[in-house]
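K.L.:
Have a look at this one before I ask anything.
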Amino acid sequence: MGKDIKQIAIYGKGGIGKSTTSSNISAALAKLGCRVMQVGCDPKSDSTNTLRDGKYIPTVLDTLRAKGKVRADEIVFEGFNGVYCVEAGGPAPGVGCAGRGIITAVEQLKILKVFEDLNIDIVLYDVLGDVVCGGFAVPIREGIAKHVFTVTSSDFMAIYAANNLFAGIQKYSASGGALLGGVIANSISAPYSKSIVDDFAARTGTRVIEYVPRSMTVTQAELQGKTVVESAPDSDQAKVYLRLAQNIANHNQSQAPSPLPVAELHEWAAGWASELLKMESGEVREAAHGI
Amino acid sequence: MLSSIESPRWTCALGGALAAAAALPRTIPVMHSGPGCAANFAWTQNGAAGLQVAGRCAGLSFPATNMQEGEIVFGGAERLHEQLRHTLQIMDGDLYFVLTGCIPEVIGDDVESVVSGYAAAGKPVIMASTAGFKGNSYFGYEQVLKAVFQKIVRPGSAAKRNLVNIWGIPPMMDVFWRGNLRGVEELLGLLGFRVNTFFGGQASLPSIANAAAARLNIVLSDVYGVEAAELFRDIHGVDFITSPLPLGAAASDRFLRRIGRRLEVPAKKIETIIQRENKRRYDYLEPIIDVYNDMEAQRYAIVIGDANYACALADFLAEDMGWLPELTVITDVLADDIKAGLLRQREGRSLIPAQKIIFRSGSREILEAAADDWTPSNGRYSKRSQPVFVLGSSLDRNLAQTLGAGHLSVSFPVSNRAVLNRGYTGYGGGLLLMEDVISAFILAR
Ligand SMILES: Nc1ncnc2c1ncn2[C@@H]1O[C@H](COP(=O)(O)OP(=O)(O)O)[C@@H](O)[C@H]1O
Ligand SMILES: [Mg+2]
C-alpha cells in the first residue's frame, strides 16, 4: 500500500469555471510543492489547456480507440510547473456513451497505476456539468475521489446544478462514495451574489471555501493559454487561487450535504428574486449595502 | 409493479425476436448487441424449446456485432455497418433482419438510419427495435411481425378470395410452433383456403409480400400478435379475428365453424368436414378406449401454460379426453382487461367442468398455489382430488413430484423432450397430444 493520495473532484454546471478554477488550483498546488495530476472528465477535453500553453493533448479515449490499448506515457502529459495533465475525452457528439467513456478512462488510470508510478500527492478530476448519468458519477463513487468541491456562481441554473450534484453525493455517501468538501463561489461580482451563494450553502449544510471574483485577469490569462497563477503570479486573482489551493491542500473533513427538494429550491429562488427586486427599488438599501 | 419473477417462462424481447426472424423464410438475422445475448438464447430459449438449439442461421452461428466496450463508448453504428457489409457479401439470404439488444438502445445508436441507408440502396435490410428492457420474448415476436407488416408486406395487392393469413404462434415460445402452424394450415385447407403462415418451412417471402391480398387475418392468440393485427388492418385494410389455439377435435370443430361462418363457407360444407374428420379420429381412438376404461385413465389435472396454451390445454383435457382440469395457471404477465377477456371465453361451455383459473408467473409461486390447493383441508374430505396429472412445462416437474402426479411438458420451457415436427393443433394434433398424455401417464404408473 502506497501513500494516501488525495483525490478531489470538481463539479459544476457547464461554463461555470470548473476548468479555469481547477487549472489554477493545480498550478497553485504545484507552486506549493505538491505533485499534482489534473484529469479532465469532459468530452470537451479542454480542462488542461491553460496548463499547457493553450494546447490540446491526445485524450485517453482517442488513444484507446486508435490503438486498442494505451501506455501511461501516451496519455499523461506534463504541464506548467510539472502538473501532470490527462484528458479522458469522449465519443463524437450525439454518438455512443460519454458516461461509459469516463468510466473507461478512469479505469485506465487505475489499471496503469499512474498515480503510484508518478508518486502523485493530489489528483483533481474536473468533471462535466450535472451528474447526468452513472458515468459522470464515477469519480465520486466507490471512493475514487474522497472530496468533492462544486463550483457555482449566484445564477440559479448554476445553483440548481450544484443542488443536483449534492443529491448525487448524498446518494453514494452511505456506500463509501465521496463527500462534499465545500462550495467554490466563482464569478462573484455583484454585491448580492455572495449572499446568495452563502445562503444556499447554509441551507444545504455546507460552506463556501473561497470566493473567486470575476476578473479580467482570468480572461487575459486564458487568451495567452495560461493560468492566472502562471501568467500573473503577483495579481490579486492569483493570490485568491493560491489561498484556495492551500485550503484544499489542508482540507481533510468532508460531509454529506443535504440537497433541497426541487420545490423548495424553487421557492428559495423565488424568495431571492423578490429580495433582489426590493434592493433594486432601493427599499432595502441597507441590506444591500452591508454585502 | 411486479417485484420479481423467479424462473420466468420466457426470455427477453431480443430472444423472441431472434427466434421469429430466424423462422422467417430465407432470412438472415443480424444481432446488434453484446455476445452474451446469443449464448443465452441458444440454450436457455431454443434449447428449452424441445432442443431446437441450432439452425442454418440461428443458435450460436449467425451474424452479430458482438458489441464490446469500444462500441459502447464510441457508438456501435460503424460496427453495424461493417457487419452488414460483410453479411450481405457472405450470407446467402433474401432478407436481412437487424435486431437490437439493450446495449445499442441504451447508448442511443441510430440503427434506423444505418438500416434505412441499405434499404435506400436497394438492399433487403429491415430492423426491429427489441431491447430486452422493453419487454419479453412475446413482445419481441410482435415487434418482428410489425416490421414485416410494415416493410415486407406490399400494400395494395389485389384481394384473393381464398387467401388468409395466420399468426399468433410465436416460434420457440410455442415449442410446437412448426407443427401447430401446419395443423392450422391444414384445418383452413379443409375449408378451401390457402394460408400464409409467415414462419416455418411452408412460408416464402414472395407470399409474405403478397399477404395484403388476404381476406382475413386470423390471430391464433388472444394476446400475442393482436397489436400487430391492428397495425396490419390500419396499413393494409385487412380485418382480423382472434381465436384460441385449436388443440384437438372439440377446439377444431369450434374453429372451423367460427372461421367458416366468418368467411361465408356454407354451413353444410363445414358440418360435413367436421363429421368426416371426427369419424377418422374415432377410428384411431377406438382401439385404446378399453384401455382407458380398464386403467381408469381419467385424471384430475393441473394445467400450466402461457395465454395461448393454458386454457386451450385445459379445454382439450376436458372435451377431448374427459378429464377434469381443476386448476389452470396462466403464466403471462397480462393487463387486467386481457385477463378478463381470457376468462370470458370459458363462459357458456357446457363440457368444461368448473375450474379455477389463476394468473401466476414465478415458478415457486405456481408450485405454492397449486400445492396449497391440493393439500387436504381439515375435516372429512380433502378439498382436491386424486389422482392428478400436471400438464405444464418442464419447470413444473417439481410440482408433479410433490403431488405424486404424472407430468408432461408442453408449454415453454420444454427441456425434457425433443421436438421436431410435432404439433397439437387440428384433429391429427389432438391425437398426438392424447398419445403423449396417455404415454406419460402410463410411464408414471
Ligand atoms: N473568475 C472568473 N473571471 C473571469 N472569467 C472567468 C472566471 N471563471 C471562469 N471564467 C471564464 O468562463 C469561461 C468558462 O470557464 P471554464 O472554466 O471553461 O468553464 P467549465 O469548465 O465549467 O465549463 C472561460 O472563458 C473562463 O475564462
Ligand atoms: Mg471545462
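In the C-alpha cells, each chain is lettered A, B, ... as it comes, each chain's residues begin at 1, and ligands are numbered from 1 in order of appearance.
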Distance cut-off 9 Å, counting only C-alpha atoms - which residues of chain B neighbour chain A? Return them as a ChimeraX atom specification.

P.N.:
/B:69-77,104,106-110

K.L.:
Using the chain letters and numbers from this document, which residues of region 15-191 of chain A does DSSP assign to alpha helix (DSSP H), as a ChimeraX atom specification?

P.N.:
/A:18-31,60-67,72-75,98-111,114-117,134-137,156-173,191

K.L.:
Hey, which residues sit close to ligand 1? Say within 8 Å, counting only C-alpha atoms and all ligand atoms, and write them as a PDB file with C-alpha atoms, in the first residue's frame.

P.N.:
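Writing done, so here's pocket28.pdb:
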ATOM      1  CA  TYR A  11     -18.154  19.541 -10.397  1.00  0.00           C
ATOM      2  CA  GLY A  12     -20.442  22.285 -11.581  1.00  0.00           C
ATOM      3  CA  LYS A  13     -22.660  23.465 -14.382  1.00  0.00           C
ATOM      4  CA  GLY A  14     -21.108  23.740 -17.840  1.00  0.00           C
ATOM      5  CA  GLY A  15     -19.261  27.017 -18.426  1.00  0.00           C
ATOM      6  CA  ILE A  16     -19.267  27.968 -14.763  1.00  0.00           C
ATOM      7  CA  GLY A  17     -15.480  27.954 -14.477  1.00  0.00           C
ATOM      8  CA  LYS A  18     -14.576  24.413 -13.386  1.00  0.00           C
ATOM      9  CA  SER A  19     -11.635  24.076 -15.746  1.00  0.00           C
ATOM     10  CA  THR A  20     -10.370  27.571 -15.128  1.00  0.00           C
ATOM     11  CA  THR A  21     -10.575  27.104 -11.393  1.00  0.00           C
ATOM     12  CA  SER A  22      -9.185  23.540 -11.457  1.00  0.00           C
ATOM     13  CA  ASP A  46     -10.105  21.355 -22.721  1.00  0.00           C
ATOM     14  CA  SER A  47      -9.657  21.060 -18.992  1.00  0.00           C
ATOM     15  CA  ASP A 126     -12.590  18.206 -13.494  1.00  0.00           C
ATOM     16  CA  LEU A 128     -18.595  17.803 -16.807  1.00  0.00           C
ATOM     17  CA  GLY A 129     -21.678  19.671 -15.682  1.00  0.00           C
ATOM     18  CA  VAL A 151     -18.109  25.490  -8.486  1.00  0.00           C
ATOM     19  CA  ASN A 186     -16.972  31.784  -8.739  1.00  0.00           C
ATOM     20  CA  SER A 187     -17.535  34.950 -10.731  1.00  0.00           C
ATOM     21  CA  ILE A 188     -18.584  36.827  -7.680  1.00  0.00           C
ATOM     22  CA  VAL A 212     -13.328  33.897  -6.600  1.00  0.00           C
ATOM     23  CA  PRO A 213     -14.052  37.281  -8.109  1.00  0.00           C
ATOM     24  CA  ARG A 214     -14.926  37.715 -11.737  1.00  0.00           C
ATOM     25  CA  SER A 215     -11.774  39.199 -13.143  1.00  0.00           C
ATOM     26  CA  MET A 216     -10.307  40.447 -16.374  1.00  0.00           C
ATOM     27  CA  THR A 217      -7.017  38.823 -15.371  1.00  0.00           C
ATOM     28  CA  VAL A 218      -8.612  35.424 -15.926  1.00  0.00           C
ATOM     29  CA  THR A 219      -9.665  36.377 -19.420  1.00  0.00           C
ATOM     30  CA  GLU A 222      -6.855  32.415 -20.889  1.00  0.00           C
TER      31      GLU A 222
END

K.L.:
For Ser173 (chain A), list every protein, DNA or RNA residue within 12 Å, evaluated using only C-alpha atoms, and leave out those in the same chain fewer than 4 positions away; present the list as a PyMOL selection string.

P.N.:
chain A and resi 137+140-143+145-148+165-169+177-180+254-258

K.L.:
Would you mind exporting all heavy atoms of the selected residues as a short mmCIF file (atom, residue, chain, number, x, y, z; two decimals), in the first residue's frame?

P.N.:
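Written out: result-v5.cif:
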data_model
loop_
_atom_site.label_atom_id
_atom_site.label_comp_id
_atom_site.auth_asym_id
_atom_site.auth_seq_id
_atom_site.Cartn_x
_atom_site.Cartn_y
_atom_site.Cartn_z
N ALA A 137 -20.91 10.04 -12.46
CA ALA A 137 -20.86 9.92 -11.01
C ALA A 137 -19.67 9.07 -10.59
O ALA A 137 -19.37 8.96 -9.41
CB ALA A 137 -22.17 9.31 -10.49
N ILE A 140 -17.08 10.15 -8.06
CA ILE A 140 -17.49 10.30 -6.66
C ILE A 140 -17.98 8.98 -6.07
O ILE A 140 -18.35 8.92 -4.92
CB ILE A 140 -18.59 11.38 -6.48
CG1 ILE A 140 -19.82 11.09 -7.32
CG2 ILE A 140 -18.02 12.74 -6.80
CD1 ILE A 140 -20.97 12.02 -7.01
N ARG A 141 -17.99 7.94 -6.88
CA ARG A 141 -18.46 6.66 -6.38
C ARG A 141 -17.30 5.80 -5.94
O ARG A 141 -16.16 6.10 -6.27
CB ARG A 141 -19.20 5.93 -7.49
CG ARG A 141 -20.67 5.71 -7.21
CD ARG A 141 -21.41 5.34 -8.45
NE ARG A 141 -20.74 4.35 -9.27
CZ ARG A 141 -21.09 4.08 -10.52
NH1 ARG A 141 -22.09 4.73 -11.06
NH2 ARG A 141 -20.45 3.18 -11.21
N GLU A 142 -17.56 4.78 -5.24
CA GLU A 142 -16.57 3.75 -4.94
C GLU A 142 -15.27 4.34 -4.42
O GLU A 142 -14.20 3.77 -4.61
CB GLU A 142 -16.26 2.92 -6.20
CG GLU A 142 -17.47 2.19 -6.73
CD GLU A 142 -17.40 2.03 -8.24
OE1 GLU A 142 -16.29 2.10 -8.77
OE2 GLU A 142 -18.46 1.83 -8.86
N GLY A 143 -15.37 5.50 -3.80
CA GLY A 143 -14.20 6.06 -3.15
C GLY A 143 -13.05 6.42 -4.07
O GLY A 143 -11.90 6.42 -3.63
N ALA A 145 -12.65 9.49 -5.77
CA ALA A 145 -12.35 10.77 -5.13
C ALA A 145 -12.98 10.75 -3.74
O ALA A 145 -14.04 10.18 -3.55
CB ALA A 145 -12.92 11.91 -5.95
N LYS A 146 -12.27 11.37 -2.79
CA LYS A 146 -12.81 11.40 -1.43
C LYS A 146 -13.59 12.69 -1.18
O LYS A 146 -14.49 12.72 -0.36
CB LYS A 146 -11.66 11.32 -0.41
CG LYS A 146 -11.07 9.93 -0.25
CD LYS A 146 -11.85 9.13 0.78
CE LYS A 146 -11.25 7.76 1.00
NZ LYS A 146 -11.17 6.95 -0.24
N HIS A 147 -13.16 13.74 -1.87
CA HIS A 147 -13.76 15.05 -1.62
C HIS A 147 -14.26 15.67 -2.91
O HIS A 147 -13.60 15.59 -3.93
CB HIS A 147 -12.72 16.00 -1.00
CG HIS A 147 -11.98 15.39 0.15
ND1 HIS A 147 -12.50 15.34 1.42
CD2 HIS A 147 -10.77 14.80 0.19
CE1 HIS A 147 -11.63 14.73 2.22
NE2 HIS A 147 -10.57 14.38 1.50
N VAL A 148 -15.43 16.28 -2.82
CA VAL A 148 -15.97 16.98 -3.98
C VAL A 148 -16.11 18.46 -3.66
O VAL A 148 -16.55 18.83 -2.57
CB VAL A 148 -17.38 16.44 -4.34
CG1 VAL A 148 -17.93 17.18 -5.55
CG2 VAL A 148 -17.34 14.97 -4.59
N LEU A 165 -25.96 17.91 -7.89
CA LEU A 165 -24.73 17.22 -7.53
C LEU A 165 -24.80 16.77 -6.06
O LEU A 165 -24.42 15.64 -5.74
CB LEU A 165 -23.54 18.14 -7.75
CG LEU A 165 -22.23 17.63 -7.15
CD1 LEU A 165 -21.74 16.43 -7.94
CD2 LEU A 165 -21.18 18.73 -7.14
N PHE A 166 -25.31 17.65 -5.22
CA PHE A 166 -25.43 17.30 -3.80
C PHE A 166 -26.29 16.04 -3.65
O PHE A 166 -26.00 15.17 -2.83
CB PHE A 166 -26.07 18.44 -3.00
CG PHE A 166 -25.18 19.66 -2.87
CD1 PHE A 166 -23.92 19.69 -3.45
CD2 PHE A 166 -25.61 20.77 -2.16
CE1 PHE A 166 -23.10 20.81 -3.34
CE2 PHE A 166 -24.80 21.89 -2.04
CZ PHE A 166 -23.54 21.91 -2.63
N ALA A 167 -27.35 15.97 -4.45
CA ALA A 167 -28.22 14.79 -4.39
C ALA A 167 -27.42 13.54 -4.77
O ALA A 167 -27.57 12.48 -4.15
CB ALA A 167 -29.42 14.97 -5.31
N GLY A 168 -26.58 13.67 -5.80
CA GLY A 168 -25.74 12.55 -6.21
C GLY A 168 -24.79 12.14 -5.10
O GLY A 168 -24.62 10.95 -4.81
N ILE A 169 -24.18 13.12 -4.45
CA ILE A 169 -23.23 12.83 -3.38
C ILE A 169 -23.94 12.16 -2.21
O ILE A 169 -23.48 11.15 -1.67
CB ILE A 169 -22.53 14.12 -2.90
CG1 ILE A 169 -21.67 14.69 -4.02
CG2 ILE A 169 -21.68 13.84 -1.67
CD1 ILE A 169 -21.08 16.05 -3.71
N GLY A 177 -18.95 6.49 -0.97
CA GLY A 177 -18.72 7.47 -2.02
C GLY A 177 -18.07 8.72 -1.46
O GLY A 177 -17.79 8.82 -0.25
N ALA A 178 -17.81 9.67 -2.34
CA ALA A 178 -17.16 10.91 -1.93
C ALA A 178 -18.10 11.75 -1.07
O ALA A 178 -19.31 11.58 -1.11
CB ALA A 178 -16.76 11.71 -3.16
N LEU A 179 -17.51 12.65 -0.30
CA LEU A 179 -18.30 13.59 0.48
C LEU A 179 -18.00 15.00 -0.02
O LEU A 179 -17.05 15.22 -0.77
CB LEU A 179 -17.97 13.45 1.96
CG LEU A 179 -18.36 12.08 2.55
CD1 LEU A 179 -17.87 11.97 3.98
CD2 LEU A 179 -19.86 11.85 2.47
N LEU A 180 -18.83 15.93 0.43
CA LEU A 180 -18.71 17.29 -0.09
C LEU A 180 -17.72 18.09 0.74
O LEU A 180 -17.87 18.22 1.96
CB LEU A 180 -20.09 17.96 -0.07
CG LEU A 180 -20.14 19.36 -0.68
CD1 LEU A 180 -19.84 19.31 -2.17
CD2 LEU A 180 -21.50 20.00 -0.44
N SER A 254 -14.72 16.12 4.97
CA SER A 254 -15.87 16.45 4.13
C SER A 254 -17.14 15.87 4.72
O SER A 254 -17.08 15.01 5.60
CB SER A 254 -15.66 15.89 2.72
OG SER A 254 -14.66 16.62 2.06
N GLN A 255 -18.27 16.34 4.25
CA GLN A 255 -19.54 15.90 4.81
C GLN A 255 -20.57 15.57 3.74
O GLN A 255 -20.45 16.05 2.61
CB GLN A 255 -20.12 17.02 5.69
CG GLN A 255 -19.80 16.86 7.16
CD GLN A 255 -19.25 18.16 7.71
OE1 GLN A 255 -19.60 19.24 7.25
NE2 GLN A 255 -18.37 18.04 8.70
N ALA A 256 -21.57 14.81 4.14
CA ALA A 256 -22.69 14.58 3.23
C ALA A 256 -23.56 15.83 3.25
O ALA A 256 -23.92 16.30 4.32
CB ALA A 256 -23.50 13.38 3.67
N PRO A 257 -23.88 16.40 2.08
CA PRO A 257 -24.72 17.59 2.05
C PRO A 257 -26.19 17.22 2.19
O PRO A 257 -26.54 16.05 2.09
CB PRO A 257 -24.45 18.16 0.66
CG PRO A 257 -24.14 16.95 -0.16
CD PRO A 257 -23.50 15.94 0.75
N SER A 258 -27.04 18.21 2.44
CA SER A 258 -28.48 17.93 2.40
C SER A 258 -29.10 18.79 1.31
O SER A 258 -29.46 19.94 1.55
CB SER A 258 -29.15 18.22 3.75
OG SER A 258 -28.25 18.83 4.63
#

K.L.:
Taking only region 235-415 of chain B into account, list the residues labelled strand (DSSP E or B) by DSSP (computed from the backbone), as JSON, numbers by chain.

P.N.:
{"B": [240, 241, 242, 247, 300, 301, 302, 303, 304, 305, 324, 325, 326, 327, 328, 329, 330, 356, 357, 358, 359, 388, 389, 390, 391, 392, 406, 407, 408, 409, 414]}

K.L.:
Which residues, written as a list in words, have at least one atom at most 6 Å from region 159-169 of chain B, with only C-alpha atoms counted and residues fewer than 2 positions away on the same chain left out?

P.N.:
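Listed by chain and then number, they are Phe193, Arg194, Val195, Asn196, Thr197, Ala213, Ala214, Arg215, Leu216, Asn217, Ile218, Val219, Leu220, Ser221, Tyr224 and Gly225 of chain B.
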
K.L.:
Pick out the residues sitting within 12 Å of region 107-115 of chain A, and hand them over as a ChimeraX atom specification; count only C-alpha atoms, and ignore anything fewer than 2 positions along from it in its own chain.

P.N.:
/A:2-7,35-39,59-61,63-64,68-77,84-88,100-105,117-125,135,138-139,142,144

K.L.:
Which neighbours of Gln202 (chain B) fall inside 12 Å, counting only C-alpha atoms, when residues of the same chain fewer than 4 positions from it are skipped, and could you give them as a PyMOL selection string?

P.N.:
chain B and resi 23-26+178-179+181-183+185-186+194-198+206-208

K.L.:
Let me see the file: selected residues, N, CA, C and O atoms, as a PDB file, in the first residue's frame.

P.N.:
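Output file part_8.pdb is given in full below:
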ATOM      1  N   ALA B  23     -37.012 -17.786 -38.059  1.00  0.00           N
ATOM      2  CA  ALA B  23     -38.059 -18.659 -38.588  1.00  0.00           C
ATOM      3  C   ALA B  23     -38.693 -18.103 -39.862  1.00  0.00           C
ATOM      4  O   ALA B  23     -39.487 -18.774 -40.506  1.00  0.00           O
ATOM      5  N   LEU B  24     -38.339 -16.881 -40.215  1.00  0.00           N
ATOM      6  CA  LEU B  24     -38.842 -16.316 -41.478  1.00  0.00           C
ATOM      7  C   LEU B  24     -38.086 -16.969 -42.640  1.00  0.00           C
ATOM      8  O   LEU B  24     -36.897 -17.261 -42.517  1.00  0.00           O
ATOM      9  N   PRO B  25     -38.749 -17.183 -43.760  1.00  0.00           N
ATOM     10  CA  PRO B  25     -38.079 -17.864 -44.867  1.00  0.00           C
ATOM     11  C   PRO B  25     -36.900 -17.056 -45.423  1.00  0.00           C
ATOM     12  O   PRO B  25     -37.009 -15.845 -45.577  1.00  0.00           O
ATOM     13  N   ARG B  26     -35.821 -17.725 -45.685  1.00  0.00           N
ATOM     14  CA  ARG B  26     -34.612 -17.156 -46.315  1.00  0.00           C
ATOM     15  C   ARG B  26     -34.186 -15.834 -45.676  1.00  0.00           C
ATOM     16  O   ARG B  26     -33.784 -14.896 -46.354  1.00  0.00           O
ATOM     17  N   ARG B 178     -43.868 -25.148 -35.297  1.00  0.00           N
ATOM     18  CA  ARG B 178     -43.915 -25.616 -36.693  1.00  0.00           C
ATOM     19  C   ARG B 178     -45.147 -26.492 -36.922  1.00  0.00           C
ATOM     20  O   ARG B 178     -45.933 -26.270 -37.837  1.00  0.00           O
ATOM     21  N   GLY B 179     -45.270 -27.496 -36.047  1.00  0.00           N
ATOM     22  CA  GLY B 179     -46.387 -28.421 -36.189  1.00  0.00           C
ATOM     23  C   GLY B 179     -47.721 -27.720 -36.000  1.00  0.00           C
ATOM     24  O   GLY B 179     -48.699 -28.017 -36.698  1.00  0.00           O
ATOM     25  N   LEU B 181     -48.461 -24.521 -36.585  1.00  0.00           N
ATOM     26  CA  LEU B 181     -48.791 -23.717 -37.766  1.00  0.00           C
ATOM     27  C   LEU B 181     -49.314 -24.614 -38.881  1.00  0.00           C
ATOM     28  O   LEU B 181     -50.304 -24.306 -39.554  1.00  0.00           O
ATOM     29  N   ARG B 182     -48.645 -25.773 -39.041  1.00  0.00           N
ATOM     30  CA  ARG B 182     -49.048 -26.678 -40.115  1.00  0.00           C
ATOM     31  C   ARG B 182     -50.454 -27.224 -39.852  1.00  0.00           C
ATOM     32  O   ARG B 182     -51.284 -27.322 -40.746  1.00  0.00           O
ATOM     33  N   GLY B 183     -50.712 -27.530 -38.566  1.00  0.00           N
ATOM     34  CA  GLY B 183     -52.028 -28.066 -38.203  1.00  0.00           C
ATOM     35  C   GLY B 183     -53.147 -27.087 -38.527  1.00  0.00           C
ATOM     36  O   GLY B 183     -54.205 -27.470 -39.045  1.00  0.00           O
ATOM     37  N   GLU B 185     -52.924 -24.645 -40.692  1.00  0.00           N
ATOM     38  CA  GLU B 185     -52.949 -24.517 -42.151  1.00  0.00           C
ATOM     39  C   GLU B 185     -53.818 -25.624 -42.747  1.00  0.00           C
ATOM     40  O   GLU B 185     -54.618 -25.396 -43.660  1.00  0.00           O
ATOM     41  N   GLU B 186     -53.673 -26.839 -42.213  1.00  0.00           N
ATOM     42  CA  GLU B 186     -54.460 -27.966 -42.718  1.00  0.00           C
ATOM     43  C   GLU B 186     -55.953 -27.772 -42.448  1.00  0.00           C
ATOM     44  O   GLU B 186     -56.789 -28.037 -43.304  1.00  0.00           O
ATOM     45  N   ARG B 194     -56.134 -21.080 -48.854  1.00  0.00           N
ATOM     46  CA  ARG B 194     -54.680 -21.099 -48.844  1.00  0.00           C
ATOM     47  C   ARG B 194     -54.221 -20.196 -47.713  1.00  0.00           C
ATOM     48  O   ARG B 194     -54.871 -19.188 -47.416  1.00  0.00           O
ATOM     49  N   VAL B 195     -53.091 -20.561 -47.111  1.00  0.00           N
ATOM     50  CA  VAL B 195     -52.713 -19.893 -45.878  1.00  0.00           C
ATOM     51  C   VAL B 195     -51.287 -19.358 -45.948  1.00  0.00           C
ATOM     52  O   VAL B 195     -50.375 -20.055 -46.361  1.00  0.00           O
ATOM     53  N   ASN B 196     -51.144 -18.116 -45.523  1.00  0.00           N
ATOM     54  CA  ASN B 196     -49.829 -17.526 -45.295  1.00  0.00           C
ATOM     55  C   ASN B 196     -49.459 -17.767 -43.844  1.00  0.00           C
ATOM     56  O   ASN B 196     -50.119 -17.228 -42.947  1.00  0.00           O
ATOM     57  N   THR B 197     -48.416 -18.542 -43.581  1.00  0.00           N
ATOM     58  CA  THR B 197     -48.047 -18.770 -42.179  1.00  0.00           C
ATOM     59  C   THR B 197     -46.884 -17.885 -41.756  1.00  0.00           C
ATOM     60  O   THR B 197     -46.509 -17.876 -40.591  1.00  0.00           O
ATOM     61  N   PHE B 198     -46.293 -17.140 -42.683  1.00  0.00           N
ATOM     62  CA  PHE B 198     -45.147 -16.256 -42.428  1.00  0.00           C
ATOM     63  C   PHE B 198     -43.906 -17.018 -41.972  1.00  0.00           C
ATOM     64  O   PHE B 198     -42.826 -16.798 -42.476  1.00  0.00           O
ATOM     65  N   PRO B 206     -42.012 -14.208 -51.116  1.00  0.00           N
ATOM     66  CA  PRO B 206     -42.986 -13.656 -52.070  1.00  0.00           C
ATOM     67  C   PRO B 206     -44.421 -13.759 -51.561  1.00  0.00           C
ATOM     68  O   PRO B 206     -45.215 -12.824 -51.724  1.00  0.00           O
ATOM     69  N   SER B 207     -44.750 -14.876 -50.913  1.00  0.00           N
ATOM     70  CA  SER B 207     -46.126 -14.981 -50.418  1.00  0.00           C
ATOM     71  C   SER B 207     -46.352 -14.038 -49.238  1.00  0.00           C
ATOM     72  O   SER B 207     -47.449 -13.508 -49.055  1.00  0.00           O
ATOM     73  N   ILE B 208     -45.312 -13.801 -48.446  1.00  0.00           N
ATOM     74  CA  ILE B 208     -45.447 -12.824 -47.359  1.00  0.00           C
ATOM     75  C   ILE B 208     -45.674 -11.433 -47.953  1.00  0.00           C
ATOM     76  O   ILE B 208     -46.529 -10.673 -47.494  1.00  0.00           O
TER      77      ILE B 208
END

K.L.:
So which one's closest to Ala440 (chain B), B:Ala340, B:Ile357, B:Ala297, B:Leu99? Using only C-alpha atoms, please.

P.N.:
B:Ala297

K.L.:
Give me the residues near Thr206 (chain A) as a list in words, where near means some atom within 7 Å (using only C-alpha atoms) and where sequence neighbours in that chain fewer than 2 positions away do not count.

P.N.:
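Non-adjacent residues within range: Gly182, Ala201, Ala202, Thr204 and Pro257 of chain A.
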